[in-house]
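*Asks:* Coordinates in query_11.cif, mmCIF, C-alpha atoms, are listed below.
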data_protein
loop_
_atom_site.label_atom_id
_atom_site.label_comp_id
_atom_site.auth_asym_id
_atom_site.auth_seq_id
_atom_site.Cartn_x
_atom_site.Cartn_y
_atom_site.Cartn_z
CA MET A 121 11.92 30.80 -8.06
CA ASP A 122 14.47 28.25 -6.81
CA GLN A 123 13.32 24.64 -6.75
CA LEU A 124 12.78 23.26 -3.27
CA PRO A 125 14.93 20.25 -2.31
CA PRO A 126 13.39 16.85 -1.52
CA PRO A 127 11.69 17.19 1.89
CA LEU A 128 13.67 14.38 3.53
CA GLU A 129 17.06 15.24 2.04
CA GLY A 130 19.70 14.78 4.75
CA ILE A 131 17.65 12.20 6.67
CA THR A 132 19.26 8.76 7.05
CA VAL A 133 17.13 5.69 7.66
CA VAL A 134 18.41 2.26 8.70
CA ALA A 135 15.93 -0.57 8.19
CA VAL A 136 16.09 -4.19 9.29
CA GLU A 137 13.12 -5.20 7.23
CA GLN A 138 11.48 -7.90 5.18
CA ALA A 139 8.34 -8.67 3.17
CA VAL A 140 6.06 -5.65 2.59
CA ALA A 141 5.03 -3.60 5.64
CA ALA A 142 8.39 -2.08 6.61
CA PRO A 143 9.90 -2.04 3.08
CA PHE A 144 6.90 -0.20 1.65
CA ALA A 145 7.08 2.35 4.48
CA THR A 146 10.78 3.02 3.97
CA ARG A 147 10.37 3.20 0.21
CA GLN A 148 8.08 6.20 0.75
CA LEU A 149 10.88 7.82 2.77
CA ALA A 150 13.41 7.08 0.03
CA ASP A 151 11.13 8.57 -2.63
CA LEU A 152 11.00 11.79 -0.58
CA GLY A 153 14.79 12.05 -0.50
CA ALA A 154 15.89 10.09 2.56
CA ARG A 155 18.92 7.84 2.40
CA VAL A 156 17.65 4.35 3.26
CA ILE A 157 20.13 1.63 4.24
CA LYS A 158 18.40 -1.73 4.01
CA VAL A 159 19.94 -4.44 6.19
CA GLU A 160 19.34 -7.93 4.77
CA ARG A 161 20.28 -11.48 5.67
CA VAL A 162 23.50 -12.76 4.15
CA ASP A 163 21.76 -16.01 3.14
CA GLY A 164 19.32 -14.80 0.52
CA GLY A 165 18.39 -11.38 1.88
CA ASP A 166 14.84 -10.13 2.32
CA PHE A 167 12.72 -13.23 1.70
CA ALA A 168 10.48 -11.17 -0.59
CA ARG A 169 13.31 -11.43 -3.12
CA GLY A 170 12.19 -15.02 -3.62
CA TYR A 171 8.42 -14.56 -3.92
CA ASP A 172 8.39 -14.76 -7.72
CA THR A 173 10.43 -13.90 -10.82
CA ALA A 174 7.79 -11.87 -12.64
CA ALA A 175 9.79 -8.64 -13.02
CA ARG A 176 12.21 -9.91 -15.65
CA GLY A 177 13.64 -12.36 -13.14
CA LEU A 178 13.21 -10.22 -10.05
CA ALA A 179 10.38 -10.55 -7.53
CA SER A 180 7.52 -8.13 -8.18
CA HIS A 181 6.98 -7.44 -4.46
CA PHE A 182 10.65 -6.60 -4.01
CA VAL A 183 10.81 -4.30 -7.04
CA TRP A 184 7.69 -2.46 -5.84
CA CYS A 185 8.86 -1.91 -2.25
CA ASN A 186 12.63 -1.44 -2.42
CA ARG A 187 13.72 1.05 -5.04
CA GLY A 188 16.09 3.80 -3.99
CA LYS A 189 17.71 1.87 -1.13
CA GLU A 190 21.24 0.73 -0.34
CA SER A 191 21.47 -3.00 0.41
CA VAL A 192 23.85 -4.18 3.14
CA ALA A 193 23.97 -7.93 3.83
CA LEU A 194 24.79 -8.79 7.47
CA ASP A 195 24.53 -11.76 9.79
CA LEU A 196 22.82 -10.28 12.85
CA LYS A 197 23.34 -13.51 14.80
CA ASP A 198 27.05 -12.70 14.86
CA PRO A 199 28.08 -10.01 17.38
CA ARG A 200 30.19 -8.36 14.70
CA GLY A 201 27.14 -8.02 12.47
CA ARG A 202 25.13 -6.47 15.29
CA ASP A 203 28.00 -4.11 15.97
CA VAL A 204 27.86 -2.89 12.38
CA VAL A 205 24.12 -2.20 12.68
CA ARG A 206 24.64 -0.29 15.92
CA ARG A 207 27.32 1.85 14.25
CA LEU A 208 24.91 2.62 11.42
CA ILE A 209 22.10 3.47 13.85
CA ALA A 210 24.38 5.80 15.83
CA GLU A 211 24.59 8.04 12.76
CA ALA A 212 20.98 7.62 11.62
CA ASP A 213 17.84 9.69 12.11
CA VAL A 214 15.35 6.84 11.77
CA PHE A 215 15.42 3.10 12.43
CA VAL A 216 12.65 0.78 11.20
CA GLN A 217 12.22 -2.94 11.87
CA ASN A 218 9.52 -5.53 11.34
CA LEU A 219 11.22 -8.68 12.61
CA ALA A 220 9.18 -11.41 14.28
CA GLN A 221 7.79 -10.41 17.65
CA GLY A 222 10.56 -10.37 20.27
CA ALA A 223 13.43 -10.81 17.80
CA ALA A 224 14.41 -7.12 17.76
CA ALA A 225 14.45 -6.99 21.57
CA ARG A 226 16.69 -10.06 21.72
CA LEU A 227 19.11 -8.29 19.37
CA GLY A 228 18.90 -5.03 21.33
CA LEU A 229 17.24 -3.34 18.34
CA ASP A 230 13.80 -2.61 19.74
CA ALA A 231 12.62 1.00 19.71
CA ALA A 232 12.66 1.51 23.48
CA THR A 233 16.27 0.34 23.83
CA LEU A 234 17.53 2.33 20.87
CA CYS A 235 15.75 5.55 21.79
CA ALA A 236 17.13 5.37 25.34
CA ALA A 237 20.64 5.24 23.87
CA HIS A 238 20.00 7.78 21.09
CA PRO A 239 17.47 10.43 22.19
CA ARG A 240 17.23 12.05 18.74
CA LEU A 241 16.50 8.75 16.99
CA VAL A 242 13.03 7.94 15.67
CA ALA A 243 12.71 4.16 16.04
CA VAL A 244 9.80 2.25 14.54
CA ASP A 245 8.57 -1.17 15.61
CA ILE A 246 6.11 -2.71 13.12
CA SER A 247 4.36 -5.84 14.36
CA GLY A 248 1.39 -7.99 13.49
CA TYR A 249 -0.68 -7.55 16.64
CA GLY A 250 1.30 -5.28 18.95
CA ALA A 251 3.81 -5.93 21.71
CA SER A 252 1.31 -7.08 24.36
CA GLY A 253 -1.94 -8.99 24.63
CA PRO A 254 -2.81 -12.61 23.84
CA TYR A 255 -2.00 -12.26 20.13
CA ALA A 256 1.41 -10.62 20.57
CA ASP A 257 3.39 -13.71 19.61
CA LYS A 258 1.13 -14.99 16.83
CA ARG A 259 2.51 -15.14 13.31
CA ALA A 260 0.96 -12.31 11.33
CA TYR A 261 0.90 -12.59 7.57
CA ASP A 262 -1.25 -10.26 5.51
CA MET A 263 -4.08 -12.69 4.74
CA LEU A 264 -4.26 -13.79 8.38
CA VAL A 265 -4.61 -10.19 9.57
CA GLN A 266 -7.22 -9.49 6.87
CA CYS A 267 -9.24 -12.31 8.45
CA GLU A 268 -8.68 -11.16 12.05
CA ALA A 269 -9.60 -7.56 11.16
CA GLY A 270 -12.88 -8.56 9.52
CA LEU A 271 -11.93 -7.34 6.04
CA VAL A 272 -12.57 -10.75 4.52
CA SER A 273 -16.03 -10.86 6.13
CA VAL A 274 -17.22 -7.83 4.12
CA THR A 275 -15.39 -8.60 0.86
CA GLY A 276 -16.78 -10.97 -1.73
CA THR A 277 -20.21 -12.24 -2.68
CA PRO A 278 -23.17 -13.20 -0.47
CA ASP A 279 -22.09 -16.83 -0.77
CA ARG A 280 -18.34 -16.50 -0.40
CA PRO A 281 -16.02 -14.17 1.51
CA VAL A 282 -12.69 -13.40 -0.19
CA LYS A 283 -9.48 -11.66 0.77
CA ALA A 284 -8.51 -8.38 -0.84
CA GLY A 285 -6.41 -8.81 -3.97
CA ILE A 286 -3.66 -6.59 -2.56
CA PRO A 287 -1.80 -6.95 0.77
CA ALA A 288 -4.13 -4.52 2.53
CA ALA A 289 -2.89 -5.18 6.07
CA ASP A 290 0.73 -4.73 5.05
CA ILE A 291 -0.03 -1.53 3.14
CA ALA A 292 -2.10 -0.09 5.99
CA ALA A 293 0.70 -0.71 8.50
CA ALA A 294 3.28 0.70 6.07
CA MET A 295 1.41 3.94 5.55
CA TYR A 296 0.88 4.49 9.29
CA ALA A 297 4.57 3.78 9.88
CA PHE A 298 5.44 6.28 7.15
CA SER A 299 3.19 8.99 8.58
CA GLY A 300 4.35 8.14 12.11
CA VAL A 301 7.97 8.75 11.09
CA LEU A 302 7.06 12.10 9.54
CA ALA A 303 5.13 13.13 12.67
CA ALA A 304 8.01 12.09 14.94
CA LEU A 305 10.52 14.02 12.81
CA VAL A 306 8.35 17.14 13.07
CA ARG A 307 8.19 16.70 16.85
CA ARG A 308 11.95 16.24 16.96
CA GLY A 309 12.31 19.54 15.12
CA THR A 310 10.56 21.32 17.98
CA THR A 311 11.72 19.28 21.00
CA GLY A 312 15.05 17.85 19.88
CA ARG A 313 13.90 14.34 20.77
CA GLY A 314 12.82 11.52 18.50
CA GLY A 315 11.24 8.59 20.26
CA PRO A 316 9.59 5.24 19.59
CA VAL A 317 6.83 4.71 17.02
CA GLU A 318 4.71 1.57 17.28
CA VAL A 319 2.44 0.30 14.50
CA SER A 320 0.59 -3.01 14.34
CA MET A 321 -0.99 -4.48 11.23
CA LEU A 322 -4.19 -5.30 13.13
CA ASP A 323 -4.54 -1.78 14.54
CA ALA A 324 -3.94 -0.28 11.11
CA LEU A 325 -6.42 -2.45 9.24
CA ALA A 326 -9.01 -2.22 12.03
CA GLU A 327 -8.91 1.56 11.55
CA TRP A 328 -9.53 1.10 7.84
CA MET A 329 -12.58 -1.01 8.71
CA GLY A 330 -14.19 2.09 10.22
CA HIS A 331 -17.36 2.26 8.13
CA PRO A 332 -18.48 -1.37 8.38
CA LEU A 333 -17.27 -1.52 11.98
CA HIS A 334 -19.33 1.49 13.07
CA HIS A 335 -22.26 0.29 10.98
CA THR A 336 -22.18 -2.97 12.92
CA MET A 337 -21.47 -1.57 16.40
CA HIS A 338 -24.03 1.21 16.25
CA GLY A 339 -26.53 -0.07 13.70
CA GLY A 340 -26.67 -3.64 14.93
CA THR A 341 -25.99 -5.39 11.62
CA ALA A 342 -22.94 -5.92 9.46
CA PRO A 343 -23.06 -4.64 5.86
CA ALA A 344 -23.86 -7.45 3.48
CA ARG A 345 -21.26 -8.82 1.06
CA THR A 346 -22.49 -7.71 -2.34
CA GLY A 347 -19.61 -8.30 -4.76
CA LEU A 348 -19.24 -5.18 -6.87
CA ALA A 349 -22.67 -3.93 -5.80
CA HIS A 350 -23.21 -1.50 -2.93
CA ALA A 351 -24.95 -2.77 0.17
CA VAL A 352 -27.30 0.22 0.57
CA ILE A 353 -27.39 1.94 -2.84
CA ALA A 354 -29.01 0.80 -6.11
CA PRO A 355 -28.15 0.77 -8.91
CA TYR A 356 -24.46 0.55 -8.02
CA ASP A 357 -22.78 -2.37 -9.77
CA ALA A 358 -20.93 -3.52 -12.88
CA TYR A 359 -22.97 -4.38 -15.96
CA ALA A 360 -21.98 -6.22 -19.14
CA THR A 361 -21.95 -4.38 -22.46
CA ALA A 362 -22.59 -5.68 -25.95
CA ASP A 363 -18.91 -5.99 -26.89
CA GLY A 364 -17.85 -8.00 -23.85
CA GLY A 365 -16.81 -5.13 -21.59
CA ARG A 366 -18.16 -4.25 -18.17
CA VAL A 367 -19.17 -0.81 -16.99
CA LEU A 368 -19.67 0.15 -13.36
CA LEU A 369 -22.09 2.93 -12.51
CA SER A 370 -23.25 4.56 -9.32
CA VAL A 371 -26.53 6.41 -8.79
CA GLN A 372 -26.12 8.45 -5.62
CA ASN A 373 -29.52 10.11 -5.40
CA ASP A 374 -33.00 10.11 -6.90
CA ARG A 375 -32.28 13.04 -9.26
CA GLU A 376 -29.54 10.96 -10.85
CA TRP A 377 -31.91 8.02 -11.13
CA ARG A 378 -34.37 10.16 -13.08
CA ARG A 379 -31.60 11.24 -15.46
CA LEU A 380 -30.47 7.64 -15.88
CA ALA A 381 -34.04 6.54 -16.63
CA GLU A 382 -34.62 9.32 -19.15
CA ARG A 383 -31.29 9.48 -20.97
CA VAL A 384 -29.76 6.00 -20.74
CA LEU A 385 -32.55 3.52 -20.07
CA ASP A 386 -34.98 5.36 -22.38
CA ARG A 387 -37.63 4.79 -19.74
CA PRO A 388 -38.54 8.20 -18.26
CA ASP A 389 -41.55 6.57 -16.56
CA LEU A 390 -39.19 4.73 -14.21
CA GLY A 391 -37.99 8.04 -12.82
CA VAL A 392 -41.37 8.73 -11.24
CA ASP A 393 -42.66 5.19 -10.73
CA PRO A 394 -43.02 4.72 -6.92
CA ALA A 395 -41.53 1.24 -7.29
CA TYR A 396 -38.19 2.79 -8.39
CA ALA A 397 -38.30 6.51 -7.69
CA THR A 398 -36.48 6.35 -4.34
CA ASN A 399 -33.26 4.63 -3.38
CA ALA A 400 -35.06 2.68 -0.66
CA ALA A 401 -37.50 1.34 -3.26
CA ARG A 402 -34.71 0.45 -5.67
CA VAL A 403 -32.74 -1.38 -2.99
CA GLU A 404 -35.88 -3.29 -2.02
CA ARG A 405 -36.26 -4.28 -5.69
CA ARG A 406 -32.56 -4.58 -6.39
CA GLU A 407 -32.83 -7.55 -8.75
CA ARG A 408 -35.46 -5.86 -10.92
CA THR A 409 -33.58 -2.55 -10.83
CA ASP A 410 -30.35 -4.25 -11.90
CA ALA A 411 -32.18 -6.15 -14.63
CA LEU A 412 -33.49 -2.90 -16.12
CA VAL A 413 -30.02 -1.35 -16.14
CA ALA A 414 -28.39 -4.53 -17.45
CA LYS A 415 -30.84 -4.74 -20.34
CA ALA A 416 -30.18 -1.16 -21.45
CA LEU A 417 -26.38 -1.32 -21.17
CA GLY A 418 -26.26 -4.81 -22.65
CA ALA A 419 -27.52 -3.36 -25.92
CA LEU A 420 -24.67 -0.82 -26.08
CA GLY A 421 -20.97 -1.11 -26.77
CA THR A 422 -18.66 -0.15 -23.92
CA GLU A 423 -17.65 3.22 -25.39
CA GLU A 424 -21.23 4.17 -26.20
CA ALA A 425 -22.43 3.11 -22.76
CA LEU A 426 -19.77 5.22 -21.05
CA ALA A 427 -20.50 8.18 -23.31
CA ARG A 428 -24.22 8.07 -22.58
CA LEU A 429 -23.63 7.76 -18.84
CA GLU A 430 -21.17 10.65 -18.87
CA ASP A 431 -23.59 12.77 -20.90
CA ALA A 432 -26.31 12.06 -18.35
CA GLY A 433 -24.01 13.04 -15.48
CA ILE A 434 -23.90 9.53 -14.02
CA ALA A 435 -20.71 8.45 -12.23
CA CYS A 436 -19.24 5.53 -14.14
CA ALA A 437 -16.06 3.60 -14.77
CA ARG A 438 -14.67 0.91 -17.03
CA LEU A 439 -13.86 -2.34 -15.21
CA ARG A 440 -10.18 -2.68 -16.14
CA ASP A 441 -7.72 -5.47 -15.65
CA LEU A 442 -4.10 -4.84 -14.65
CA SER A 443 -2.81 -4.76 -18.22
CA GLU A 444 -5.31 -2.01 -18.95
CA LEU A 445 -4.24 -0.15 -15.81
CA ALA A 446 -0.65 -0.24 -17.05
CA GLU A 447 -1.84 1.57 -20.18
CA HIS A 448 -4.41 3.82 -18.48
CA PRO A 449 -4.87 6.99 -20.54
CA GLN A 450 -5.10 9.20 -17.44
CA LEU A 451 -1.78 7.98 -16.08
CA ALA A 452 -0.20 8.44 -19.50
CA ALA A 453 -1.63 11.93 -19.98
CA ARG A 454 -0.34 13.04 -16.59
CA GLU A 455 3.08 11.47 -17.28
CA ARG A 456 3.00 9.33 -14.13
CA TRP A 457 5.34 6.63 -15.44
CA ARG A 458 9.10 6.59 -14.98
CA GLU A 459 11.85 4.01 -15.34
CA VAL A 460 13.96 2.83 -12.41
CA ASP A 461 17.23 0.96 -12.74
CA SER A 462 17.65 -2.56 -11.38
CA PRO A 463 20.04 -5.51 -11.62
CA VAL A 464 18.09 -6.61 -14.73
CA GLY A 465 17.93 -3.18 -16.36
CA PRO A 466 15.27 -0.44 -16.44
CA LEU A 467 11.79 -1.26 -15.11
CA ARG A 468 8.61 0.80 -15.38
CA ALA A 469 7.35 2.29 -12.13
CA LEU A 470 4.73 4.82 -11.11
CA LEU A 471 5.62 8.11 -9.52
CA PRO A 472 4.55 8.06 -5.86
CA PRO A 473 1.11 9.61 -5.23
CA ILE A 474 2.50 12.49 -3.13
CA THR A 475 3.28 15.39 -5.46
CA LEU A 476 5.02 18.49 -4.12
CA PRO A 477 4.69 21.23 -6.76
CA GLY A 478 7.68 23.53 -6.81
CA GLY A 479 9.95 20.85 -5.41
CA ALA A 480 12.25 18.29 -6.89
CA GLU A 481 10.60 15.22 -8.38
CA ALA A 482 10.51 12.11 -6.23
CA ARG A 483 13.80 10.24 -6.10
CA MET A 484 13.04 6.91 -7.70
CA GLY A 485 16.39 5.22 -7.24
CA ALA A 486 17.51 1.81 -8.40
CA VAL A 487 16.32 -1.51 -7.01
CA PRO A 488 19.44 -2.86 -5.25
CA ALA A 489 21.09 -6.22 -5.66
CA LEU A 490 21.63 -8.12 -2.41
CA GLY A 491 24.64 -6.63 -0.60
CA GLU A 492 25.35 -4.22 -3.46
CA HIS A 493 26.34 -1.44 -1.06
CA THR A 494 27.89 -3.44 1.79
CA GLY A 495 31.48 -2.39 1.16
CA ALA A 496 30.75 1.29 0.60
CA VAL A 497 28.51 1.56 3.67
CA LEU A 498 30.99 -0.21 5.94
CA ARG A 499 33.84 1.99 4.75
CA ALA A 500 31.65 5.04 5.43
CA VAL A 501 31.35 4.06 9.11
CA GLY A 502 35.12 3.76 9.44
CA MET A 503 35.89 0.12 8.69
CA THR A 504 39.06 -0.66 6.77
CA ASP A 505 39.25 -2.86 3.71
CA ASP A 506 41.06 -5.50 5.76
CA GLU A 507 38.31 -5.51 8.38
CA ILE A 508 35.66 -5.81 5.70
CA ALA A 509 37.56 -8.61 3.99
CA ALA A 510 37.74 -10.50 7.30
CA LEU A 511 33.97 -10.13 7.79
CA ARG A 512 33.35 -11.37 4.26
CA ARG A 513 35.67 -14.32 4.81
CA ASP A 514 33.77 -15.30 7.96
CA GLY A 515 30.36 -14.92 6.29
CA VAL A 516 29.31 -12.03 8.57
CA VAL A 517 28.74 -9.74 5.56
CA SER A 518 28.26 -10.30 1.86
#
Using structure tokens, write down the structure from this file.

*Replies:*
Amino acid sequence: MDQLPPPLEGITVVAVEQAVAAPFATRQLADLGARVIKVERVDGGDFARGYDTAARGLASHFVWCNRGKESVALDLKDPRGRDVVRRLIAEADVFVQNLAQGAAARLGLDAATLCAAHPRLVAVDISGYGASGPYADKRAYDMLVQCEAGLVSVTGTPDRPVKAGIPAADIAAAMYAFSGVLAALVRRGTTGRGGPVEVSMLDALAEWMGHPLHHTMHGGTAPARTGLAHAVIAPYDAYATADGGRVLLSVQNDREWRRLAERVLDRPDLGVDPAYATNAARVERRERTDALVAKALGALGTEEALARLEDAGIACARLRDLSELAEHPQLAARERWREVDSPVGPLRALLPPITLPGGAEARMGAVPALGEHTGAVLRAVGMTDDEIAALRRDGVVS
């Protein structure tokens, strides 16, 4: 059977983007075969390029979010730079921007304006808090939105709330922008019209807060912060092992508790003891329950503890750090790692989570240097070498 082409082959995306939310969304489109033209500032480009130098001199955020794109460096404050973007958009299927609130409208690059001029265009506005309301003009960085959305209030220990260790608000907005583009392209296939797509970081992360939010609104109380423990299930936590490791286990029902008591704790009496036999009883006596589990696992090495838990049919996991994730045996066995090119040479990267059996593998293109594709892209929209040279001389492109 013939191999199916990448699902977004033939789709062109123009993105005026920075940081994480929009770049991560458009990277998903690039991985699925779309051509993504990334418009960056001439004076340093996407500011995420300067976050760190951890990826062999490149910024780790930028490497993660920008593979497979063409970089064009333009000064959008200059009318000639804006004209170039408009020429690119006129030939594009999708436009994505996450500029500061109001900036795209001032440049004439907001979704409503562009879609009125180009009915087939799918135009995405990504913002922190949305285009209206009292928060519309507030600065919206990931940690700030994590706080506003209540994520920080349910993450951490009883004594201290903490932010998530990943940019959860940015990622949430990115994935809704990605799925919004796909939905709009499907609609365009049936109606012939694209249209605006609006995504806010607050809306996206508030949706992800669904369980604790509904628990609070309808149950009257917010779930407690419990670190690695579960607020309403016990035992469900990470426990130290004899060789310095930590093993997380989860007992989901009373049958599993009986198996844990018999085959791991070596205390079958605990399986029927009214003080521990039900989840409600174990939660009420959480400290004593955890102490019993900690004592048993603390006498075992990590591998033995995991083996005994697996043999008893208890859900469990090793608490890994990021170096261990990079060498995870499951990722290795499933051949999830690839290499992508970059200005500093090949870099390891994971295949995207969406797998389409029978189709071409995800296009994991190179991480671009700033302005690497400026000349080629401008020539493709009809500009002459002399015109491009004049723009470079005036600092409008680089």

*Asks:* Apply the PyMOL selection byres ((chain A and resi 401-408) around 12) to the displayed file and report the matching residues as a PDB file with C-alpha atoms, in the frame of the given file.

*Replies:*
ATOM      1  CA  THR A 346     -22.490  -7.710  -2.340  1.00  0.00           C
ATOM      2  CA  ALA A 349     -22.670  -3.930  -5.800  1.00  0.00           C
ATOM      3  CA  HIS A 350     -23.210  -1.500  -2.930  1.00  0.00           C
ATOM      4  CA  ALA A 351     -24.950  -2.770   0.170  1.00  0.00           C
ATOM      5  CA  VAL A 352     -27.300   0.220   0.570  1.00  0.00           C
ATOM      6  CA  ILE A 353     -27.390   1.940  -2.840  1.00  0.00           C
ATOM      7  CA  ALA A 354     -29.010   0.800  -6.110  1.00  0.00           C
ATOM      8  CA  PRO A 355     -28.150   0.770  -8.910  1.00  0.00           C
ATOM      9  CA  TYR A 356     -24.460   0.550  -8.020  1.00  0.00           C
ATOM     10  CA  ASP A 357     -22.780  -2.370  -9.770  1.00  0.00           C
ATOM     11  CA  VAL A 371     -26.530   6.410  -8.790  1.00  0.00           C
ATOM     12  CA  GLN A 372     -26.120   8.450  -5.620  1.00  0.00           C
ATOM     13  CA  ASN A 373     -29.520  10.110  -5.400  1.00  0.00           C
ATOM     14  CA  ASP A 374     -33.000  10.110  -6.900  1.00  0.00           C
ATOM     15  CA  TRP A 377     -31.910   8.020 -11.130  1.00  0.00           C
ATOM     16  CA  LEU A 390     -39.190   4.730 -14.210  1.00  0.00           C
ATOM     17  CA  GLY A 391     -37.990   8.040 -12.820  1.00  0.00           C
ATOM     18  CA  VAL A 392     -41.370   8.730 -11.240  1.00  0.00           C
ATOM     19  CA  ASP A 393     -42.660   5.190 -10.730  1.00  0.00           C
ATOM     20  CA  PRO A 394     -43.020   4.720  -6.920  1.00  0.00           C
ATOM     21  CA  ALA A 395     -41.530   1.240  -7.290  1.00  0.00           C
ATOM     22  CA  TYR A 396     -38.190   2.790  -8.390  1.00  0.00           C
ATOM     23  CA  ALA A 397     -38.300   6.510  -7.690  1.00  0.00           C
ATOM     24  CA  THR A 398     -36.480   6.350  -4.340  1.00  0.00           C
ATOM     25  CA  ASN A 399     -33.260   4.630  -3.380  1.00  0.00           C
ATOM     26  CA  ALA A 400     -35.060   2.680  -0.660  1.00  0.00           C
ATOM     27  CA  THR A 409     -33.580  -2.550 -10.830  1.00  0.00           C
ATOM     28  CA  ASP A 410     -30.350  -4.250 -11.900  1.00  0.00           C
ATOM     29  CA  ALA A 411     -32.180  -6.150 -14.630  1.00  0.00           C
ATOM     30  CA  LEU A 412     -33.490  -2.900 -16.120  1.00  0.00           C
ATOM     31  CA  VAL A 413     -30.020  -1.350 -16.140  1.00  0.00           C
ATOM     32  CA  ALA A 414     -28.390  -4.530 -17.450  1.00  0.00           C
ATOM     33  CA  LYS A 415     -30.840  -4.740 -20.340  1.00  0.00           C
TER      34      LYS A 415
END

*Asks:* Which one of A:Val159, A:Ala212, A:Met321, A:Cys267 sits closest to A:Asn186 if you count all atoms listed in the file?

*Replies:*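 Closest residue, counting all atoms listed in the file: A:Val159.
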
*Asks:* Could you tell me how far atom CA of A:Ala509 lies from atom CA of A:Gly228, in Å and to one decimal?

*Replies:*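 One can read the atom CA of A:Ala509 to atom CA of A:Gly228 distance as 25.7 Å.
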
*Asks:* Which residue out of A:Ala269, A:Leu476, A:Leu302, A:Ala500 has the minimum interatomic distance to A:Ala288 when all atoms listed in the file are used?

*Replies:*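 Checking each of A:Ala269, A:Leu476, A:Leu302, A:Ala500 against A:Ala288, counting all atoms listed in the file, the winner is A:Ala269.
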
*Asks:* Measuring atom to atom with only C-alpha atoms, identify which of A:Ala486, A:His181, A:Val367, A:Tyr261 is nearest to A:Leu467.

*Replies:*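 Looking at the shortest contact to A:Leu467, the residue is A:Ala486.
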
*Asks:* What is the atom CA of A:Gln123-atom CA of A:Gly485 distance in Å, reported with one decimal?

*Replies:* 19.7 Å

*Asks:* Counting only C-alpha atoms, which of A:Pro239, A:Gly421, A:Gly491, A:Gly188 gets nearest to A:Gly364?

*Replies:*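 For A:Gly364, the nearest of the given residues is A:Gly421.
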
*Asks:* Could you check how far atom CA of A:His448 sits from atom CA of A:Glu424, in Å to one decimal?

*Replies:*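 Atom CA of A:Glu424 lies 18.5 Å from atom CA of A:His448.
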
*Asks:* Could you name the residues that touch stretch 150-157 of chain A at 6 Å or less, counting all atoms listed in the file, but leaving out those on the same chain fewer than 4 positions away, as a list in words?

*Replies:*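 With the cut-off at 6 Å, the set is Pro126, Pro127, Leu128, Glu129, Ile131, Thr132, Val133, Val134, Gly188, Lys189, Glu190, Ala482, Arg483 and Met484 of chain A.
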
*Asks:* Excluding A:Gln266 and its own-chain neighbours fewer than 5 positions away, which residues fall within 10 Å of it when counting only C-alpha atoms? Please give them as a list in words.

*Replies:* Ala260, Tyr261, Leu271, Val272, Ser273, Val282, Lys283, Ala284, Pro287, Ala288, Ala289, Asp290, Met321, Leu322, Leu325 and Ala326 of chain A

*Asks:* Kindly save the residues from that selection, with C-alpha atoms included, as a PDB file, in the frame of the given file.

*Replies:*
ATOM      1  CA  ALA A 260       0.960 -12.310  11.330  1.00  0.00           C
ATOM      2  CA  TYR A 261       0.900 -12.590   7.570  1.00  0.00           C
ATOM      3  CA  LEU A 271     -11.930  -7.340   6.040  1.00  0.00           C
ATOM      4  CA  VAL A 272     -12.570 -10.750   4.520  1.00  0.00           C
ATOM      5  CA  SER A 273     -16.030 -10.860   6.130  1.00  0.00           C
ATOM      6  CA  VAL A 282     -12.690 -13.400  -0.190  1.00  0.00           C
ATOM      7  CA  LYS A 283      -9.480 -11.660   0.770  1.00  0.00           C
ATOM      8  CA  ALA A 284      -8.510  -8.380  -0.840  1.00  0.00           C
ATOM      9  CA  PRO A 287      -1.800  -6.950   0.770  1.00  0.00           C
ATOM     10  CA  ALA A 288      -4.130  -4.520   2.530  1.00  0.00           C
ATOM     11  CA  ALA A 289      -2.890  -5.180   6.070  1.00  0.00           C
ATOM     12  CA  ASP A 290       0.730  -4.730   5.050  1.00  0.00           C
ATOM     13  CA  MET A 321      -0.990  -4.480  11.230  1.00  0.00           C
ATOM     14  CA  LEU A 322      -4.190  -5.300  13.130  1.00  0.00           C
ATOM     15  CA  LEU A 325      -6.420  -2.450   9.240  1.00  0.00           C
ATOM     16  CA  ALA A 326      -9.010  -2.220  12.030  1.00  0.00           C
TER      17      ALA A 326
END
